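Visitor: Can you keep this structure in mind? I'll have questions shortly.
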Amino acid sequence: MKAFDITDKEFKKFQSFIFDQAGISMADSKKQLVNNRLTKRLRHYGFSRFNDYFDLVHKPEYSTEKQLLIDLLTTNETYFFREPKHFEYLEDDILRSFRGSRFRCWSAACSNGAEPYSLAMVLDNKLGSGRWEMLATDISSRMLQTAQLATYSLQEADKIPRDLLLKYCLKGVRSQKGVMLIDKKLLSQIKFKHMNLNGNMPDVDKFDLIMLRNVMIYFDHDTKVKLIDQLITRLYPGGYLIIGHSETLNTVTKKLVMVKPSVYRLEK
Ligand SMILES: C[S@@+](CC[C@H](N)C(=O)[O-])C[C@H]1O[C@@H](n2cnc3c(N)ncnc32)[C@H](O)[C@@H]1O
């Protein structure tokens with residue numbers, strides 16, 4: 001089969017595209033990865049040059065392909081109970097002292113749903129159904145579709161604490177043999193929505209907790225400052241913002257208090 005080679009000039013165009021669209025600063029080292037990921041789309045359209053594909057996605061009638069390109073250029077790695085200390089902190093500290101009637105939570109780069117469902121299991125187990133609600137958003141339509149299917153491989157269940165696994169997950173049977181299904185009760189309390197964190201913040205209500213983990217690593221400083229400034233306006237006084245362990249808000253904002261590394265709070 002014919003191999004395709006992206007030129008430096010073509011790669012730069014895709015770099016600018018994903019920066020303008022999603023705020024993602026894509027490193028030069030990703031050139032081969034982009035080459036590999038987009039080759040299938042070139043074949044699909046019978047193109048031999050990446051430029052042709054680039055021009056196509058900019059035509060108004062190809063907006064679905066443009067979204068697919070965004071999906072292909074994002075990194076969606078995630079898993080259940082990733083960075084487990086955050087879920088322990090939620091359970092032992094945040095929820096223990098929660099006195100409101102309904103806890104509102106936002107998973108702001110939710111990927112395939114592993115993060116919002118992990119949160120949902122902890123919230124439901126601790127507060128009971130009806131006392132929490134969640135918004136889960138991502139720029140990738142493909143990931144949002146996967147998330148709403150709420151079915152995962154049995155290996156992915158490995159990281160879920162056993163008591164929560166027994167309470168909220170089912171083993172698929174017949175046509176769903178070999179898959180794990182998330183309890184529909186959790187699904188019904190989560191609103192999945194397409195949202196670009198690099199755009200203007202749509203009208204969303206305030207939250208007790210926003211999780212923004214492992215996405216700012218792709219953003220430059222200015223993009224982070226703008227995003228965090230907007231997210232702060234979506235937090236209730238005393239609300240929490242949790243970011244990934246490898247991320248920091250040190251030079252990004254002074255409006256939040258660091259409770260512990262990667263956990264921030266808006267003062268009451
Ligand atoms: C590495 S995953 C992290 C998923 C999850 N938060 C976690 O920590 O496991 C990053 C996610 O951010 C999403 N993303 C990247 N840029 C985005 C943007 N501008 N707006 C919304 N989501 C974005 C990607 O589609 C991807 O699903």
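Ligands are numbered from 1 in the order shown, chains are lettered A, B, ... in the order of the structure tokens, and residues start at 1 in each chain.
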Quick one: contact table of chain A to ligand 1, 6 Å max, nearest atom pair and distance in Å to one decimal per residue, counting only C-alpha atoms and all ligand atoms, chain and number order, as a tab-separated table?
Guide:
residue	atom	partner	partner_atom_place_in_ligand_line	distance
A:Ala22	CA	ligand 1	19 (N)	3.8
A:Gly23	CA	ligand 1	19 (N)	5.6
A:Thr74	CA	ligand 1	25 (O)	5.1
A:Thr75	CA	ligand 1	1 (C)	5.3
A:Asn76	CA	ligand 1	27 (O)	4.0
A:Glu77	CA	ligand 1	1 (C)	4.5
A:Thr78	CA	ligand 1	9 (O)	3.6
A:Tyr79	CA	ligand 1	9 (O)	5.7
A:Ala109	CA	ligand 1	12 (O)	4.4
A:Cys110	CA	ligand 1	6 (N)	5.0
A:Ser111	CA	ligand 1	27 (O)	3.4
A:Glu115	CA	ligand 1	5 (C)	5.8
A:Asp138	CA	ligand 1	22 (N)	4.0
A:Ile139	CA	ligand 1	21 (C)	4.0
A:Ser140	CA	ligand 1	25 (O)	4.6
A:Met195	CA	ligand 1	21 (C)	5.6
A:Asn196	CA	ligand 1	20 (N)	3.6
A:Leu197	CA	ligand 1	20 (N)	3.8
A:Asn198	CA	ligand 1	19 (N)	4.6
A:Arg213	CA	ligand 1	8 (O)	4.3
A:Asn214	CA	ligand 1	8 (O)	4.6
A:Val215	CA	ligand 1	10 (C)	4.6
Visitor: When you look at region 174-185 of chain A with a cut-off of 6 Å (counting only C-alpha atoms), what residues show up, excluding the ones that are within fewer than 4 positions of it in the same chain? I need them as a PyMOL selection string.
Guide: chain A and resi 150-154+168-170
Visitor: Write out as number ranges by chain the residues lying within 7 Å of Asp71 (chain A), counting only C-alpha atoms and excluding same-chain residues fewer than 4 positions away.
Guide: A: 67, 140-142
Visitor: Quick one: of A:Met216, A:Leu119, A:Leu68, A:Ala157, who's nearest to Lys171 (chain A), counting only C-alpha atoms?
Guide: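 Smallest separation from Lys171 (chain A) among the options: A:Ala157.
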Visitor: Between A:Lys126, A:Phe219, A:Asp55, A:Ser101, which has the minimum distance to Glu247 (chain A) (counting only C-alpha atoms)?
Guide: A:Phe219
Visitor: Contacts of Arg265 (chain A) at 6 Å or less, counting only C-alpha atoms, minus same-chain residues fewer than 5 places along, as a PyMOL selection string?
Guide: chain A and resi 239-240+256-257
Visitor: Using only C-alpha atoms for the distances, tell me which of A:Gln145, A:Thr137, A:Ser16, A:Ser118 is nearest to Ile160 (chain A).
Guide: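 When distances to Ile160 (chain A) are compared using only C-alpha atoms, the smallest one comes from A:Ser118.
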Visitor: Could you work out how far CA of His44 (chain A) lies from CA of Glu65 (chain A), giving the answer in Å with one decimal?
Guide: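 Separation between CA of Glu65 (chain A) and CA of His44 (chain A): 11.3 Å.
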Visitor: Quick one: everything within 12 Å of Asp222 (chain A), counting only C-alpha atoms, minus sequence neighbours fewer than 5 positions away in the same chain. Send it as a list in words.
Guide: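 In the requested format, the answer is Gly23, Ile24, Ser25, Asn198, Met216, Leu227, Ile228, Asp229, Thr251, Val252 and Thr253 of chain A.
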Visitor: Take the residues just selected and output them with C-alpha atoms as an mmCIF file, in the first residue's frame.
Guide:
data_model
loop_
_atom_site.group_PDB
_atom_site.id
_atom_site.type_symbol
_atom_site.label_atom_id
_atom_site.label_comp_id
_atom_site.auth_asym_id
_atom_site.auth_seq_id
_atom_site.Cartn_x
_atom_site.Cartn_y
_atom_site.Cartn_z
ATOM 1 C CA GLY A 23 -5.911 26.001 21.750
ATOM 2 C CA ILE A 24 -3.733 22.893 21.511
ATOM 3 C CA SER A 25 -0.023 23.566 21.005
ATOM 4 C CA ASN A 198 -10.825 27.455 23.943
ATOM 5 C CA MET A 216 -4.060 22.181 30.173
ATOM 6 C CA LEU A 227 -9.672 29.518 30.417
ATOM 7 C CA ILE A 228 -9.084 29.559 34.177
ATOM 8 C CA ASP A 229 -10.442 33.113 34.418
ATOM 9 C CA THR A 251 1.599 31.508 37.282
ATOM 10 C CA VAL A 252 -1.939 31.255 35.922
ATOM 11 C CA THR A 253 -4.153 32.807 38.606
#
